[in-house]
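> Before I ask anything, let me first share the structure, which is written out below as structure tokens.
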Amino acid sequence: MLKYRYIAIEGIIGAGKTTLAKLLSEKLNARLLLEEFADNPFLEKFYSDPKRYAFSVEMSFLADRYHKIKGFFDSPDLFQPVVIADYAPFKSLIFAQTNLSEEEFRLYREFFDLSINRLPKPDLVIFLERDMEILMRHIKERGREFELDIKEEYLLRLKENYTRFFKQSKQYRLLVIDSRAYDFILNEQDLQEVISLIDLDFKPGLNFYR
């Protein structure tokens, strides 16, 4: 039995969050909670006109994440007690801070505190560290048309905000994995090593780099 029942995979766009979440859910017989980008009607509009659609896209993601997470934990499965997600709830704050003006973010934060901030928090967050070159290559390889114009500067701002969040927040158990050292897809031994790391006893606020 794993120590942690709710594990969230985090990382910058293109880090491989969904890939690792799917592999872990299969190995651990866990329920899989995935971000559904296609459900957001403002996402493509945001990438073409960020300033105009930033608040709409973030509010849409906020509502969708709230309903999905709440639904998962309102209906537990005795046969699959572990939940693996390809995002953590606090992702909403990091992207909103990156994309919104200060005034918009203050308003957004109120909605966040009334909704997602009251939901269960992950027992463990796995953050996948990637080189910027790899992130850009992954974004191009997966071929989502609306992502192809993402600039490296935008990813760097996201990375800075993730780093700032982790430094300020001490409530999460954080496992930071240097993904350059692992091939989750082709190397079964690498995947098993990640699973063995998950079962270690982490304390909140501890950064464990590998």
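Each chain in the structure tokens gets a letter, A, B and so on, in the order shown; residues start at 1 in every chain, and ligands are counted from 1 in the order they appear.
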Any idea what's packed within 12 Å of Leu158 in chain A, counting only C-alpha atoms, ignoring anything in its chain fewer than 2 positions away? Could you give it as an MDAnalysis selection string?

chainID A and resid 10:13 91:99 132 150:156 160:165

> Export, as a PDB file, in the first residue's frame, the selected residues with C-alpha atoms.


ATOM      1  CA  GLU A  10       3.164  18.931 -12.158  1.00  0.00           C
ATOM      2  CA  GLY A  11       5.531  20.684 -14.528  1.00  0.00           C
ATOM      3  CA  ILE A  12       5.727  23.300 -17.243  1.00  0.00           C
ATOM      4  CA  ILE A  13       3.808  22.845 -20.511  1.00  0.00           C
ATOM      5  CA  LYS A  91      -1.863  25.110 -10.943  1.00  0.00           C
ATOM      6  CA  SER A  92      -4.799  27.472 -11.324  1.00  0.00           C
ATOM      7  CA  LEU A  93      -3.083  30.122  -9.209  1.00  0.00           C
ATOM      8  CA  ILE A  94       0.246  29.866 -11.021  1.00  0.00           C
ATOM      9  CA  PHE A  95      -1.231  30.224 -14.496  1.00  0.00           C
ATOM     10  CA  ALA A  96      -3.581  32.992 -13.384  1.00  0.00           C
ATOM     11  CA  GLN A  97      -0.706  34.925 -11.860  1.00  0.00           C
ATOM     12  CA  THR A  98       1.224  34.524 -15.106  1.00  0.00           C
ATOM     13  CA  ASN A  99      -1.618  35.515 -17.426  1.00  0.00           C
ATOM     14  CA  MET A 132      13.630  24.507 -22.085  1.00  0.00           C
ATOM     15  CA  ILE A 150       4.128  29.458 -27.506  1.00  0.00           C
ATOM     16  CA  LYS A 151       7.289  31.438 -26.851  1.00  0.00           C
ATOM     17  CA  GLU A 152      10.170  30.368 -24.651  1.00  0.00           C
ATOM     18  CA  GLU A 153       9.750  33.608 -22.689  1.00  0.00           C
ATOM     19  CA  TYR A 154       6.252  32.528 -21.648  1.00  0.00           C
ATOM     20  CA  LEU A 155       7.515  29.153 -20.400  1.00  0.00           C
ATOM     21  CA  LEU A 156      10.276  30.907 -18.451  1.00  0.00           C
ATOM     22  CA  GLU A 160       9.639  31.407 -12.321  1.00  0.00           C
ATOM     23  CA  ASN A 161       6.119  31.451 -10.873  1.00  0.00           C
ATOM     24  CA  TYR A 162       6.234  27.736 -10.067  1.00  0.00           C
ATOM     25  CA  THR A 163       9.570  28.242  -8.306  1.00  0.00           C
ATOM     26  CA  ARG A 164       8.219  31.203  -6.353  1.00  0.00           C
ATOM     27  CA  PHE A 165       5.111  29.255  -5.329  1.00  0.00           C
TER      28      PHE A 165
END

> Quick one: pick out all alpha helix (DSSP H) residues within range 56-187 of chain A from a backbone DSSP run and write them as a ChimeraX atom specification.

/A:56-74,91-99,102-114,132-142,152-168

> Among the residues of range 17-137 of chain A, find those DSSP assigns to strand (DSSP E or B) from the backbone and print them as a list in words.

Arg31, Leu32, Leu33, Val83, Ile84, Ala85, Leu124, Val125, Ile126, Phe127, Leu128 and Glu129 of chain A

> Let me see the file: selected residues, C-alpha atoms, as a PDB file, in the first residue's frame.


ATOM      1  CA  ARG A  31      -7.902   6.214 -10.826  1.00  0.00           C
ATOM      2  CA  LEU A  32      -6.713   8.730 -13.382  1.00  0.00           C
ATOM      3  CA  LEU A  33      -7.691  12.404 -13.195  1.00  0.00           C
ATOM      4  CA  VAL A  83      -5.864   8.940  -7.419  1.00  0.00           C
ATOM      5  CA  ILE A  84      -3.192  10.034  -9.904  1.00  0.00           C
ATOM      6  CA  ALA A  85      -3.713  13.452 -11.514  1.00  0.00           C
ATOM      7  CA  LEU A 124       2.341  14.291  -2.814  1.00  0.00           C
ATOM      8  CA  VAL A 125       3.248  16.536  -5.757  1.00  0.00           C
ATOM      9  CA  ILE A 126       5.759  15.285  -8.321  1.00  0.00           C
ATOM     10  CA  PHE A 127       7.323  18.135 -10.291  1.00  0.00           C
ATOM     11  CA  LEU A 128       9.027  17.165 -13.565  1.00  0.00           C
ATOM     12  CA  GLU A 129      12.066  19.335 -14.276  1.00  0.00           C
TER      13      GLU A 129
END

> Neighbours of Ile116 in chain A within 10 Å (only C-alpha atoms; same-chain residues fewer than 2 positions away dropped), as a list in words?

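These residues fall inside the cut-off: Leu62, Ala63, Arg65, Tyr66, His67, Ile69, Lys70, Pro89, Phe90, Ser92, Leu93, Phe111, Phe112, Asp113, Leu114, Arg118, Leu119, Pro120 and Lys121 of chain A.
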
> What lies within 12 Å of Val194 in chain A using only C-alpha atoms, ignoring chain neighbours under 6 positions off, as an MDAnalysis selection string?

chainID A and resid 9 20:21 23:24 27:28 126:128 175:179 181:184 187:188 200 209:210

> Using only C-alpha atoms, pick whichever of A:Lys22, A:Ala88, A:Leu100, A:Val82 has the shortest atom-to-atom distance to Glu58 in chain A.

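Result for the nearest residue to Glu58 in chain A: A:Leu100.
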
> Of the candidates A:Pro50, A:Gly71, A:Gly16, A:Pro122, which shows the shortest atom-to-atom distance to Arg173 in chain A, using only C-alpha atoms?

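Smallest distance to Arg173 in chain A is found for A:Pro122.
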
> For CA of Gln189 in chain A and CA of Met136 in chain A, quote the distance in Å rounded to one decimal.

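Between these atoms lies a distance of 26.4 Å.
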
> Counting only C-alpha atoms, which residue out of A:Asp199, A:Glu44, A:Glu145, A:Asp131 sits closest to Arg5 in chain A?

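Once distances to Arg5 in chain A are computed over only C-alpha atoms, the minimum belongs to A:Asp199.
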
> Give the answer as one residue: which of A:Leu34, A:Ile7, A:Arg157, A:Ala15 has the shortest atom-to-atom distance to Ile134 in chain A, using only C-alpha atoms?

A:Ala15
